[in-house]
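Structure first, then comments.
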Amino acid sequence: MTLLVVLEHDRGEMAEASREALTSARDLAAKLDEPLHAVLVGEEAEPLAEEAAKFGAEVVHVASHDLLTDYGPDAWAETVRQLAEELDAVAVMAVGTDRGNEVMAQIAAREDLPFVANCLSVDAGDPWELTRVQWGGSLLEDVTLDADRKLLSIAHHAVVAEPAPEAADGDVEQFEPDLDDEMSVTMVRDRVVLTQGITLSTAPVVVSGGRGVGSADGFAVLDELAELLGGVVGCSRAVTNNGWRPHASQVGQTGTRIAPEIYIATGISGAIQHWVGAMASKKILAINTDPEANMVVKADYAVLADLHKVVPAISEEIRRRRAG
Amino acid sequence: MRILCCVKRVPAPGAKINVSADGQSVETAHLGFTTSPHEECAVEEAIQLAERHDGTVTVLTLGPPEAEEQLRYAASVGAHELVLIPTDGTNWDPQRTALALTKAIVELESGDPFDLVLFGNESADSGGFQVGVRVAHALGRPMVNGIKGIDIEGDQITARRAVDAGFEVYELPRPAVLGVKEGINLPRYPTMKGRLASKKVEMATADVDAEPGGQLMVKLQQPEEQVSKTEILGDSPEAASKVVDLLEELGVL
Ligand SMILES: Cc1cc2nc3c(=O)[nH]c(=O)nc-3n(C[C@H](O)[C@H](O)[C@H](O)COP(=O)(O)OP(=O)(O)OC[C@H]3O[C@@H](n4cnc5c(N)ncnc54)[C@H](O)[C@@H]3O)c2cc1C
Ligand SMILES: Nc1ncnc2c1ncn2[C@@H]1O[C@H](COP(=O)(O)O)[C@@H](O)[C@H]1O
């Protein structure tokens, strides 16, 4: 019996999410008193075994097959399913990324087993009790899990990745799954690489506008401030729904999660679905005419005035100081 | 071309999501309801594809009888057929939901599969990331989640999935299943004419049920809130100088 962790990597580069997965799996494996195994799928995966060992993987299974040269949910899930079967794994876990959740859901569908997505904590008692996130993190759900093999994902960013106090052996074992050609149907056919500068998720400063901006043109003052600060412009869903800004700029549950040094939220009420996307910001400055707005109440700093007057005044002040 | 969309009725909370006293549901006494955002985009995408390829759009939901509201909304923006799987409004786990949806879809198809079945990437409330995958597997069809672009040419469906560095491209044969993410399109608003027409669209019901799965909800709870005191920097543009002081302090200037 084992605890099996699915690792993600991008052609040879271990994903931070996988370090998180191993970090929380280590605790669980200790409580279950089961060995911790990891599985790496696809080409160029083998050099990562050492890294996995640092994070506590006793055995690293490297799965290879013609159908695993690029990502495909069917081939990946079937590979992990077969390995879990062979190891008689008590539990299989991944991190709740797009891929992690997709692969776990595919395994669950194949085995008709439950799959608990985006867990924050796992208590492997009798029965297993887990806490998972709903509403993109705005609400928590306690569940019990009754299954012969436990399938779960750990919410991304729920734990801070830390190497094991002592590196594990990380013995590499090759695994060749038995895959049907049919599974190539869902394999990635092509990649389109978009080169971008700083993006919403990586920008040190995000200047956002909500319905209070009033129009697409109204964003000019935010564009100006963001440029002066070397940041990017974000927005609320009310703004994207009005077609004032593209969805790529949306912060929130169904948009992007951000974590800048400072988030300047103007004309945004701070609905919970917006807030979950913004709450990881180090500091938040709200500019809003309504002192009761949730964004104002939850922010670190606020200016209670018309954004169309305050934002240009900030840009002006920055220019004045730079000139002086 | 026939396209099916599976949508879920969810509450539309404001500043906070309150939990009912028994911890079994979201307190909805003062809330409106909506369709999960990803699924609203799935419906829009289906309508656009149907417009381009001379097709029809069926929208299916599993929920309380009040979910008729979300089906009518879909009709008001152009869906042709509406189907409700009525429940008593209690929480159904993902396995039970997927099995019931599958039964209803098999019934609706009666041997003639939908060319494309669309789901949301995840439901807005429970966010299990799995119902679409389970249904696709039960129907024996390929499925990819997280889709932000769909093109159909002949028998081939090209789907694009957004990843950090750009897009992954998938090519699936029909019939297929896709999970759609918000941002794939900008959903239209209903017109007055659309609203009136939606009232006349027939709503079918599918009486199907399934056994509960192995994930059992015990209770809902609010996450702990970090309470911070807001420092008010001013109530006029004069506050700009304090804001810039702050920006300097944080080292972002
Ligand atoms: C399932 C679900 C998912 C969602 N996902 C997201 C998401 O990812 N991201 C998101 O943003 N929303 C999301 N929403 C929508 C969310 O619930 C809110 O409707 C939305 O965030 C409101 O946008 P807003 O704050 O811009 O508009 P409003 O709530 O209308 O707020 C406008 C604010 O502007 C202020 N204001 C007006 N004029 C001025 C002025 N001249 N100067 C300064 N302030 C002014 C007002 O006081 C008010 O606070 C989601 C909703 C649901 C149901
Ligand atoms: N009750 C329901 N009725 C119809 N479709 C649903 C229902 N629950 C989930 N779905 C669909 O399945 C997708 C994934 O849901 P979930 O697994 O809960 O994240 C959603 O985006 C919907 O398209």
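Identifiers in this document derive from the order of the structure tokens: chains are assigned A, B, ..., residues are numbered from 1 separately in each chain, and ligands are numbered from 1 in order of occurrence.
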
For this session: List every residue of range 34-242 of chain A that DSSP, applied to the backbone of this structure, places in alpha helix (DSSP H), and write the result as a PyMOL selection string.
Result: chain A and resi 49-54+73-87+98-111+220-229+237-241

Problem set entry | Residues near Gln215 in chain B, cut-off 8 Å, only C-alpha atoms, skip fewer than 4 positions along chain, as a ChimeraX atom specification | /A:114-116,143-146 /B:93

Those same residues - C-alpha atoms - I'd like them written as a compact mmCIF listing (two decimals), in the first residue's frame.
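Saved result, result_18.txt, follows:
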# COMPACT_ATOMS: atom_id res chain seq x y z
CA PRO A 114 -15.69 9.94 -5.35
CA PHE A 115 -13.15 12.73 -5.90
CA VAL A 116 -12.82 15.55 -3.37
CA VAL A 143 -17.17 16.42 3.97
CA THR A 144 -16.70 12.80 4.84
CA LEU A 145 -15.24 10.45 2.27
CA ASP A 146 -16.19 6.83 1.93
CA ASP B 93 -23.03 15.13 -4.58

May I have the residues within 8 Å of ligand 2, computed using only C-alpha atoms and all ligand atoms, as a PDB file with N, CA, C and O atoms, in the first residue's frame?
ATOM      1  N   CYS B   5     -26.244  22.144 -23.428  1.00  0.00           N
ATOM      2  CA  CYS B   5     -25.493  22.830 -22.368  1.00  0.00           C
ATOM      3  C   CYS B   5     -26.059  22.431 -21.022  1.00  0.00           C
ATOM      4  O   CYS B   5     -27.281  22.482 -20.828  1.00  0.00           O
ATOM      5  N   CYS B   6     -25.189  22.098 -20.082  1.00  0.00           N
ATOM      6  CA  CYS B   6     -25.638  21.796 -18.720  1.00  0.00           C
ATOM      7  C   CYS B   6     -25.309  22.986 -17.818  1.00  0.00           C
ATOM      8  O   CYS B   6     -24.144  23.377 -17.716  1.00  0.00           O
ATOM      9  N   VAL B   7     -26.337  23.559 -17.207  1.00  0.00           N
ATOM     10  CA  VAL B   7     -26.132  24.744 -16.361  1.00  0.00           C
ATOM     11  C   VAL B   7     -26.696  24.510 -14.967  1.00  0.00           C
ATOM     12  O   VAL B   7     -27.576  23.681 -14.769  1.00  0.00           O
ATOM     13  N   LYS B   8     -26.185  25.276 -14.020  1.00  0.00           N
ATOM     14  CA  LYS B   8     -26.609  25.125 -12.638  1.00  0.00           C
ATOM     15  C   LYS B   8     -27.107  26.464 -12.081  1.00  0.00           C
ATOM     16  O   LYS B   8     -26.468  27.490 -12.286  1.00  0.00           O
ATOM     17  N   ARG B   9     -28.205  26.405 -11.368  1.00  0.00           N
ATOM     18  CA  ARG B   9     -28.734  27.591 -10.686  1.00  0.00           C
ATOM     19  C   ARG B   9     -27.953  27.789  -9.390  1.00  0.00           C
ATOM     20  O   ARG B   9     -27.840  26.866  -8.574  1.00  0.00           O
ATOM     21  N   SER B  36     -24.285  29.888 -13.134  1.00  0.00           N
ATOM     22  CA  SER B  36     -22.831  29.961 -12.950  1.00  0.00           C
ATOM     23  C   SER B  36     -22.194  30.681 -14.137  1.00  0.00           C
ATOM     24  O   SER B  36     -22.540  30.381 -15.284  1.00  0.00           O
ATOM     25  N   HIS B  38     -19.321  30.539 -15.813  1.00  0.00           N
ATOM     26  CA  HIS B  38     -18.725  29.744 -16.899  1.00  0.00           C
ATOM     27  C   HIS B  38     -19.828  29.161 -17.787  1.00  0.00           C
ATOM     28  O   HIS B  38     -19.690  29.065 -19.000  1.00  0.00           O
ATOM     29  N   GLU B  39     -20.922  28.762 -17.156  1.00  0.00           N
ATOM     30  CA  GLU B  39     -22.001  28.127 -17.911  1.00  0.00           C
ATOM     31  C   GLU B  39     -22.796  29.136 -18.728  1.00  0.00           C
ATOM     32  O   GLU B  39     -23.324  28.818 -19.798  1.00  0.00           O
ATOM     33  N   LEU B  60     -30.003  22.069 -20.213  1.00  0.00           N
ATOM     34  CA  LEU B  60     -30.432  21.101 -19.212  1.00  0.00           C
ATOM     35  C   LEU B  60     -29.936  21.530 -17.842  1.00  0.00           C
ATOM     36  O   LEU B  60     -28.775  21.907 -17.682  1.00  0.00           O
ATOM     37  N   THR B  61     -30.827  21.482 -16.855  1.00  0.00           N
ATOM     38  CA  THR B  61     -30.372  21.751 -15.492  1.00  0.00           C
ATOM     39  C   THR B  61     -30.980  20.757 -14.530  1.00  0.00           C
ATOM     40  O   THR B  61     -32.091  20.251 -14.748  1.00  0.00           O
ATOM     41  N   LEU B  62     -30.228  20.475 -13.469  1.00  0.00           N
ATOM     42  CA  LEU B  62     -30.730  19.645 -12.381  1.00  0.00           C
ATOM     43  C   LEU B  62     -30.820  20.568 -11.168  1.00  0.00           C
ATOM     44  O   LEU B  62     -29.824  21.151 -10.759  1.00  0.00           O
ATOM     45  N   GLY B  63     -32.026  20.737 -10.648  1.00  0.00           N
ATOM     46  CA  GLY B  63     -32.180  21.658  -9.530  1.00  0.00           C
ATOM     47  C   GLY B  63     -33.627  21.744  -9.094  1.00  0.00           C
ATOM     48  O   GLY B  63     -34.481  20.992  -9.578  1.00  0.00           O
ATOM     49  N   ILE B  85     -34.360  18.674 -14.629  1.00  0.00           N
ATOM     50  CA  ILE B  85     -34.418  17.485 -13.776  1.00  0.00           C
ATOM     51  C   ILE B  85     -34.759  18.011 -12.385  1.00  0.00           C
ATOM     52  O   ILE B  85     -33.909  18.603 -11.718  1.00  0.00           O
ATOM     53  N   TRP B  92     -26.916  17.735  -4.001  1.00  0.00           N
ATOM     54  CA  TRP B  92     -26.589  16.423  -4.575  1.00  0.00           C
ATOM     55  C   TRP B  92     -25.088  16.360  -4.784  1.00  0.00           C
ATOM     56  O   TRP B  92     -24.502  17.296  -5.319  1.00  0.00           O
ATOM     57  N   PRO B  94     -21.421  15.132  -6.431  1.00  0.00           N
ATOM     58  CA  PRO B  94     -21.055  15.118  -7.854  1.00  0.00           C
ATOM     59  C   PRO B  94     -21.373  13.801  -8.571  1.00  0.00           C
ATOM     60  O   PRO B  94     -21.794  13.822  -9.733  1.00  0.00           O
ATOM     61  N   THR B  97     -25.157  13.706  -9.147  1.00  0.00           N
ATOM     62  CA  THR B  97     -25.521  14.696 -10.160  1.00  0.00           C
ATOM     63  C   THR B  97     -25.150  14.196 -11.550  1.00  0.00           C
ATOM     64  O   THR B  97     -25.961  14.256 -12.478  1.00  0.00           O
ATOM     65  N   ALA B  98     -23.905  13.699 -11.677  1.00  0.00           N
ATOM     66  CA  ALA B  98     -23.419  13.271 -12.988  1.00  0.00           C
ATOM     67  C   ALA B  98     -24.236  12.095 -13.527  1.00  0.00           C
ATOM     68  O   ALA B  98     -24.572  12.045 -14.716  1.00  0.00           O
ATOM     69  N   LEU B 101     -27.663  13.387 -14.656  1.00  0.00           N
ATOM     70  CA  LEU B 101     -27.538  14.129 -15.918  1.00  0.00           C
ATOM     71  C   LEU B 101     -27.329  13.156 -17.076  1.00  0.00           C
ATOM     72  O   LEU B 101     -27.933  13.309 -18.148  1.00  0.00           O
ATOM     73  N   LEU B 118     -21.763  20.863 -23.794  1.00  0.00           N
ATOM     74  CA  LEU B 118     -20.934  21.851 -23.097  1.00  0.00           C
ATOM     75  C   LEU B 118     -21.272  21.912 -21.617  1.00  0.00           C
ATOM     76  O   LEU B 118     -22.443  21.896 -21.233  1.00  0.00           O
ATOM     77  N   PHE B 119     -20.212  22.006 -20.822  1.00  0.00           N
ATOM     78  CA  PHE B 119     -20.323  22.216 -19.384  1.00  0.00           C
ATOM     79  C   PHE B 119     -19.569  23.483 -19.028  1.00  0.00           C
ATOM     80  O   PHE B 119     -18.823  24.008 -19.847  1.00  0.00           O
ATOM     81  N   GLY B 120     -19.721  23.934 -17.787  1.00  0.00           N
ATOM     82  CA  GLY B 120     -18.831  24.960 -17.274  1.00  0.00           C
ATOM     83  C   GLY B 120     -17.567  24.285 -16.779  1.00  0.00           C
ATOM     84  O   GLY B 120     -17.562  23.081 -16.508  1.00  0.00           O
ATOM     85  N   ASN B 121     -16.475  25.028 -16.666  1.00  0.00           N
ATOM     86  CA  ASN B 121     -15.227  24.466 -16.160  1.00  0.00           C
ATOM     87  C   ASN B 121     -15.420  23.929 -14.748  1.00  0.00           C
ATOM     88  O   ASN B 121     -14.904  22.873 -14.400  1.00  0.00           O
ATOM     89  N   GLU B 122     -16.157  24.723 -13.926  1.00  0.00           N
ATOM     90  CA  GLU B 122     -16.552  24.231 -12.613  1.00  0.00           C
ATOM     91  C   GLU B 122     -17.785  25.011 -12.192  1.00  0.00           C
ATOM     92  O   GLU B 122     -17.975  26.140 -12.635  1.00  0.00           O
ATOM     93  N   SER B 123     -18.611  24.418 -11.345  1.00  0.00           N
ATOM     94  CA  SER B 123     -19.795  25.131 -10.892  1.00  0.00           C
ATOM     95  C   SER B 123     -19.359  26.228  -9.926  1.00  0.00           C
ATOM     96  O   SER B 123     -18.363  26.089  -9.215  1.00  0.00           O
ATOM     97  N   ALA B 124     -20.124  27.335  -9.898  1.00  0.00           N
ATOM     98  CA  ALA B 124     -19.714  28.508  -9.119  1.00  0.00           C
ATOM     99  C   ALA B 124     -19.773  28.236  -7.626  1.00  0.00           C
ATOM    100  O   ALA B 124     -18.942  28.720  -6.874  1.00  0.00           O
ATOM    101  N   ASP B 125     -20.737  27.452  -7.192  1.00  0.00           N
ATOM    102  CA  ASP B 125     -20.892  27.218  -5.761  1.00  0.00           C
ATOM    103  C   ASP B 125     -20.025  26.053  -5.293  1.00  0.00           C
ATOM    104  O   ASP B 125     -19.005  26.250  -4.636  1.00  0.00           O
ATOM    105  N   SER B 126     -20.391  24.805  -5.639  1.00  0.00           N
ATOM    106  CA  SER B 126     -19.642  23.680  -5.083  1.00  0.00           C
ATOM    107  C   SER B 126     -18.272  23.492  -5.729  1.00  0.00           C
ATOM    108  O   SER B 126     -17.353  23.004  -5.079  1.00  0.00           O
ATOM    109  N   GLY B 127     -18.115  23.849  -7.001  1.00  0.00           N
ATOM    110  CA  GLY B 127     -16.793  23.788  -7.617  1.00  0.00           C
ATOM    111  C   GLY B 127     -16.109  22.442  -7.471  1.00  0.00           C
ATOM    112  O   GLY B 127     -14.991  22.349  -6.978  1.00  0.00           O
ATOM    113  N   GLY B 128     -16.757  21.372  -7.929  1.00  0.00           N
ATOM    114  CA  GLY B 128     -16.190  20.024  -7.786  1.00  0.00           C
ATOM    115  C   GLY B 128     -15.252  19.642  -8.914  1.00  0.00           C
ATOM    116  O   GLY B 128     -14.555  18.639  -8.830  1.00  0.00           O
ATOM    117  N   PHE B 129     -15.246  20.400 -10.003  1.00  0.00           N
ATOM    118  CA  PHE B 129     -14.364  20.167 -11.153  1.00  0.00           C
ATOM    119  C   PHE B 129     -14.511  18.751 -11.711  1.00  0.00           C
ATOM    120  O   PHE B 129     -13.516  18.139 -12.071  1.00  0.00           O
ATOM    121  N   GLN B 130     -15.710  18.210 -11.785  1.00  0.00           N
ATOM    122  CA  GLN B 130     -15.799  16.811 -12.193  1.00  0.00           C
ATOM    123  C   GLN B 130     -17.079  16.378 -12.878  1.00  0.00           C
ATOM    124  O   GLN B 130     -17.061  15.349 -13.581  1.00  0.00           O
ATOM    125  N   VAL B 131     -18.186  17.085 -12.699  1.00  0.00           N
ATOM    126  CA  VAL B 131     -19.450  16.563 -13.231  1.00  0.00           C
ATOM    127  C   VAL B 131     -19.364  16.357 -14.748  1.00  0.00           C
ATOM    128  O   VAL B 131     -19.762  15.308 -15.267  1.00  0.00           O
ATOM    129  N   GLY B 132     -18.795  17.319 -15.473  1.00  0.00           N
ATOM    130  CA  GLY B 132     -18.682  17.191 -16.930  1.00  0.00           C
ATOM    131  C   GLY B 132     -17.813  16.013 -17.332  1.00  0.00           C
ATOM    132  O   GLY B 132     -18.132  15.277 -18.271  1.00  0.00           O
ATOM    133  N   VAL B 133     -16.714  15.829 -16.621  1.00  0.00           N
ATOM    134  CA  VAL B 133     -15.796  14.718 -16.925  1.00  0.00           C
ATOM    135  C   VAL B 133     -16.503  13.379 -16.714  1.00  0.00           C
ATOM    136  O   VAL B 133     -16.392  12.453 -17.520  1.00  0.00           O
ATOM    137  N   GLY B 179     -15.581  21.525 -21.410  1.00  0.00           N
ATOM    138  CA  GLY B 179     -15.855  22.387 -20.252  1.00  0.00           C
ATOM    139  C   GLY B 179     -15.338  23.777 -20.581  1.00  0.00           C
ATOM    140  O   GLY B 179     -14.180  23.939 -20.937  1.00  0.00           O
ATOM    141  N   VAL B 180     -16.207  24.765 -20.465  1.00  0.00           N
ATOM    142  CA  VAL B 180     -15.917  26.116 -20.947  1.00  0.00           C
ATOM    143  C   VAL B 180     -15.594  27.057 -19.788  1.00  0.00           C
ATOM    144  O   VAL B 180     -16.164  26.945 -18.709  1.00  0.00           O
TER     145      VAL B 180
END

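Restricting the calculation to only C-alpha atoms, the smallest distance between chain A and any of B:Glu182, B:Glu225, B:Asp245, B:Glu69 is found for B:Glu182.
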
What are the DSSP strand (DSSP E) residues of range 42-183 of chain A, as a compact mmCIF listing (two decimals) with N, CA and C atoms, in the first residue's frame?
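And here's states_38.txt as it stands now:
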# COMPACT_ATOMS: atom_id res chain seq x y z
N VAL A 59 9.74 6.73 -3.44
CA VAL A 59 9.88 6.12 -4.76
C VAL A 59 9.26 7.08 -5.77
N VAL A 60 9.97 7.26 -6.88
CA VAL A 60 9.44 8.11 -7.95
C VAL A 60 9.23 7.25 -9.19
N HIS A 61 7.99 7.12 -9.59
CA HIS A 61 7.67 6.32 -10.78
C HIS A 61 7.70 7.25 -11.99
N VAL A 62 8.47 6.88 -12.97
CA VAL A 62 8.52 7.69 -14.18
C VAL A 62 7.78 6.94 -15.27
N ALA A 63 6.67 7.49 -15.69
CA ALA A 63 5.81 6.81 -16.67
C ALA A 63 6.15 7.30 -18.06
N ALA A 91 -4.52 6.14 -1.33
CA ALA A 91 -5.03 7.42 -1.80
C ALA A 91 -4.17 7.92 -2.94
N VAL A 92 -4.79 8.69 -3.82
CA VAL A 92 -4.07 9.35 -4.90
C VAL A 92 -4.39 10.83 -4.78
N MET A 93 -3.34 11.66 -4.78
CA MET A 93 -3.63 13.07 -4.69
C MET A 93 -2.80 13.91 -5.65
N ALA A 94 -3.37 15.07 -5.99
CA ALA A 94 -2.71 16.02 -6.88
C ALA A 94 -2.96 17.41 -6.30
N VAL A 95 -2.44 18.42 -6.95
CA VAL A 95 -2.80 19.78 -6.54
C VAL A 95 -3.93 20.26 -7.44
N PHE A 115 -14.37 11.92 -5.80
CA PHE A 115 -13.15 12.73 -5.90
C PHE A 115 -13.42 14.05 -5.18
N VAL A 116 -12.62 14.33 -4.15
CA VAL A 116 -12.82 15.55 -3.37
C VAL A 116 -11.82 16.61 -3.85
N ALA A 117 -12.33 17.63 -4.50
CA ALA A 117 -11.47 18.64 -5.12
C ALA A 117 -11.16 19.79 -4.18
N ASN A 118 -9.93 20.30 -4.28
CA ASN A 118 -9.49 21.51 -3.59
C ASN A 118 -9.66 21.46 -2.07
N CYS A 119 -8.97 20.50 -1.46
CA CYS A 119 -9.03 20.35 -0.01
C CYS A 119 -8.04 21.29 0.67
N LEU A 120 -8.41 21.73 1.87
CA LEU A 120 -7.50 22.51 2.71
C LEU A 120 -6.91 21.65 3.80
N SER A 121 -7.70 20.68 4.27
CA SER A 121 -7.18 19.79 5.29
C SER A 121 -7.78 18.40 5.12
N VAL A 122 -6.99 17.42 5.53
CA VAL A 122 -7.40 16.02 5.38
C VAL A 122 -7.15 15.31 6.70
N ASP A 123 -8.19 14.73 7.27
CA ASP A 123 -8.04 13.97 8.49
C ASP A 123 -8.40 12.52 8.19
N TRP A 128 -12.82 9.25 6.85
CA TRP A 128 -11.97 10.37 6.47
C TRP A 128 -12.81 11.65 6.51
N GLU A 129 -12.26 12.70 7.14
CA GLU A 129 -12.94 13.99 7.17
C GLU A 129 -12.06 15.03 6.49
N LEU A 130 -12.65 15.71 5.54
CA LEU A 130 -11.87 16.69 4.78
C LEU A 130 -12.58 18.04 4.78
N THR A 131 -11.79 19.10 4.70
CA THR A 131 -12.37 20.42 4.48
C THR A 131 -11.92 20.89 3.10
N ARG A 132 -12.90 21.30 2.30
CA ARG A 132 -12.57 21.74 0.94
C ARG A 132 -13.16 23.13 0.70
N VAL A 133 -12.70 23.80 -0.36
CA VAL A 133 -13.22 25.13 -0.64
C VAL A 133 -14.35 25.08 -1.65
N GLN A 134 -15.33 25.93 -1.40
CA GLN A 134 -16.39 26.19 -2.37
C GLN A 134 -16.27 27.65 -2.80
N LEU A 139 -16.05 30.09 0.75
CA LEU A 139 -16.82 29.27 1.67
C LEU A 139 -16.10 27.93 1.85
N LEU A 140 -16.24 27.33 3.04
CA LEU A 140 -15.61 26.04 3.28
C LEU A 140 -16.68 24.97 3.45
N GLU A 141 -16.35 23.77 3.02
CA GLU A 141 -17.28 22.66 3.15
C GLU A 141 -16.58 21.49 3.84
N ASP A 142 -17.17 21.01 4.93
CA ASP A 142 -16.65 19.81 5.58
C ASP A 142 -17.35 18.61 4.96
N VAL A 143 -16.57 17.62 4.55
CA VAL A 143 -17.17 16.42 3.97
C VAL A 143 -16.56 15.17 4.61
N THR A 144 -17.31 14.09 4.53
CA THR A 144 -16.70 12.80 4.84
C THR A 144 -16.54 12.06 3.53
N LEU A 145 -15.56 11.15 3.50
CA LEU A 145 -15.24 10.45 2.27
C LEU A 145 -15.23 8.96 2.53
N LYS A 150 -8.98 6.65 -1.94
CA LYS A 150 -9.33 8.05 -1.78
C LYS A 150 -8.69 8.89 -2.88
N LEU A 151 -9.49 9.65 -3.59
CA LEU A 151 -8.98 10.53 -4.64
C LEU A 151 -9.23 11.96 -4.21
N LEU A 152 -8.18 12.77 -4.20
CA LEU A 152 -8.38 14.15 -3.79
C LEU A 152 -7.34 15.08 -4.39
N SER A 153 -7.70 16.36 -4.39
CA SER A 153 -6.71 17.38 -4.75
C SER A 153 -6.61 18.37 -3.61
N ILE A 154 -5.42 18.95 -3.46
CA ILE A 154 -5.16 19.96 -2.44
C ILE A 154 -5.27 21.32 -3.11
N ASP A 171 13.98 6.55 -5.03
CA ASP A 171 14.34 5.51 -6.00
C ASP A 171 13.49 5.65 -7.25
N VAL A 172 14.14 5.65 -8.39
CA VAL A 172 13.39 5.81 -9.64
C VAL A 172 12.94 4.45 -10.17
N GLU A 173 11.68 4.34 -10.48
CA GLU A 173 11.18 3.11 -11.11
C GLU A 173 10.44 3.47 -12.38
N GLN A 174 10.77 2.75 -13.43
CA GLN A 174 10.10 3.00 -14.71
C GLN A 174 8.72 2.36 -14.70
N PHE A 175 7.77 3.05 -15.29
CA PHE A 175 6.43 2.46 -15.40
C PHE A 175 5.93 2.63 -16.82

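Shortest separation to ligand 1 among B:Leu233, B:Leu31, B:Ile184, B:Ala21 occurs at residue B:Leu31, atoms counted being only C-alpha atoms and all ligand atoms.
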
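Nearest to ligand 1 of all the residues A:Arg211, A:His156, A:Lys309, A:Arg26 is A:Arg211, counting only C-alpha atoms and all ligand atoms.
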
Dump as CSV the rows for residues of chain A within 7 Å of chain B: closest atom pair and distance in Å with one decimal, only C-alpha atoms counted, ordered by chain and rising residue number.
residue,atom,partner,partner_atom,distance
A:Asn101,CA,B:Phe129,CA,6.4
A:Ala105,CA,B:Gln130,CA,5.1
A:Gln106,CA,B:Val133,CA,6.2
A:Ala109,CA,B:Arg134,CA,4.9
A:Pro114,CA,B:Gly214,CA,5.4
A:Ala117,CA,B:Gly128,CA,5.6
A:Gln134,CA,B:Ser126,CA,4.9
A:Trp135,CA,B:Asp125,CA,4.7
A:Ser138,CA,B:Pro223,CA,6.9
A:Leu139,CA,B:Gln222,CA,5.1
A:Leu140,CA,B:Gln221,CA,5.2
A:Glu141,CA,B:Leu220,CA,4.5
A:Asp142,CA,B:Lys219,CA,5.3
A:Val143,CA,B:Met217,CA,4.4
A:Thr144,CA,B:Leu216,CA,5.2
A:Leu145,CA,B:Gln215,CA,4.9
A:Asp146,CA,B:Gly214,CA,4.8
A:Ala147,CA,B:Gly214,CA,6.1
A:Val185,CA,B:Leu172,CA,6.2
A:Thr186,CA,B:Tyr170,CA,6.5
A:Met187,CA,B:Tyr170,CA,6.7
A:Val188,CA,B:Tyr170,CA,5.2
A:Arg189,CA,B:Tyr170,CA,5.4
A:Asp190,CA,B:Val169,CA,5.0
A:Arg191,CA,B:Glu168,CA,4.6
A:Val192,CA,B:Phe167,CA,4.9
A:Val193,CA,B:Gly166,CA,4.6
A:Leu194,CA,B:Gly166,CA,4.7
A:Leu229,CA,B:Leu253,CA,5.8
A:Asn241,CA,B:Leu186,CA,6.7
A:His247,CA,B:Gly183,CA,5.1
A:Thr254,CA,B:Glu182,CA,6.6
A:Gly270,CA,B:Ala15,CA,6.6
A:Ala271,CA,B:Ala15,CA,4.5
A:Ile272,CA,B:Ala15,CA,4.9
A:Asn294,CA,B:Ala15,CA,6.1
A:Val297,CA,B:Thr230,CA,6.3
A:Lys298,CA,B:Ser228,CA,6.4
A:Ala299,CA,B:Thr230,CA,5.7
A:Asp300,CA,B:Thr230,CA,4.7
A:Tyr301,CA,B:Glu231,CA,4.6
A:Ala302,CA,B:Ile232,CA,4.9
A:Val303,CA,B:Gly234,CA,5.1
A:Leu304,CA,B:Asp235,CA,4.4
A:Ala305,CA,B:Asp235,CA,5.1
A:Lys309,CA,B:Pro237,CA,5.9
A:Val310,CA,B:Pro237,CA,4.4
A:Ala313,CA,B:Ala240,CA,5.7
A:Ile314,CA,B:Ala240,CA,4.7
A:Glu317,CA,B:Ser241,CA,6.4
A:Ile318,CA,B:Val244,CA,6.7

For this session: Using only C-alpha atoms and all ligand atoms, find each residue with an atom at most 7 Å away from ligand 1 and format the answer as a PyMOL selection string.
Result: (chain A and resi 209-213+235-239+250-255+266-274+277+287-290+293+305-308) or (chain B and resi 11-14+34+36-37+124-125)

Problem set entry | Residue contacts of Asp209 in chain B (9 Å, only C-alpha atoms) excluding same-chain residues fewer than 2 positions away, as an MDAnalysis selection string | chainID B and resid 85 87 96:97 99:101 103 207 211

Based on the selection just made, write C-alpha atoms of those residues as a PDB file, in the first residue's frame.
ATOM      1  CA  ILE B  85     -34.418  17.485 -13.776  1.00  0.00           C
ATOM      2  CA  THR B  87     -34.904  17.955  -7.211  1.00  0.00           C
ATOM      3  CA  ARG B  96     -25.214  11.500  -8.088  1.00  0.00           C
ATOM      4  CA  THR B  97     -25.521  14.696 -10.160  1.00  0.00           C
ATOM      5  CA  LEU B  99     -25.322  10.006 -13.081  1.00  0.00           C
ATOM      6  CA  ALA B 100     -28.709  11.740 -13.175  1.00  0.00           C
ATOM      7  CA  LEU B 101     -27.538  14.129 -15.918  1.00  0.00           C
ATOM      8  CA  LYS B 103     -29.528   9.344 -17.682  1.00  0.00           C
ATOM      9  CA  ASP B 207     -37.624  12.484 -13.833  1.00  0.00           C
ATOM     10  CA  GLU B 211     -27.730   6.776  -5.747  1.00  0.00           C
TER      11      GLU B 211
END

Exercise. Leaving out Lys193 in chain B and any residue of its chain fewer than 5 positions from it, which residues lie within 12 Å of it when counting only C-alpha atoms, given as a count of residues only?
Worked result: 7

For this session: Kindly give the distance, in Å, that separates CA of Ala216 in chain A and CA of Ser249 in chain A, rounded to a single decimal.
Result: 12.9 Å

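Within the 12 Å cut-off around Ala220 in chain A, using only C-alpha atoms and omitting residues fewer than 2 positions from it on the same chain, the listed residues are A:Val207, A:Ser208, A:Gly209, A:Val213, A:Gly214, A:Ser215, A:Ala216, A:Asp217, A:Gly218, A:Leu222, A:Asp223, A:Glu224, A:Leu225, A:Ala226, A:Glu227, A:Val233, A:Trp244, A:Arg245, A:Leu307, A:His308, A:Val311, A:Pro312, A:Ser315.
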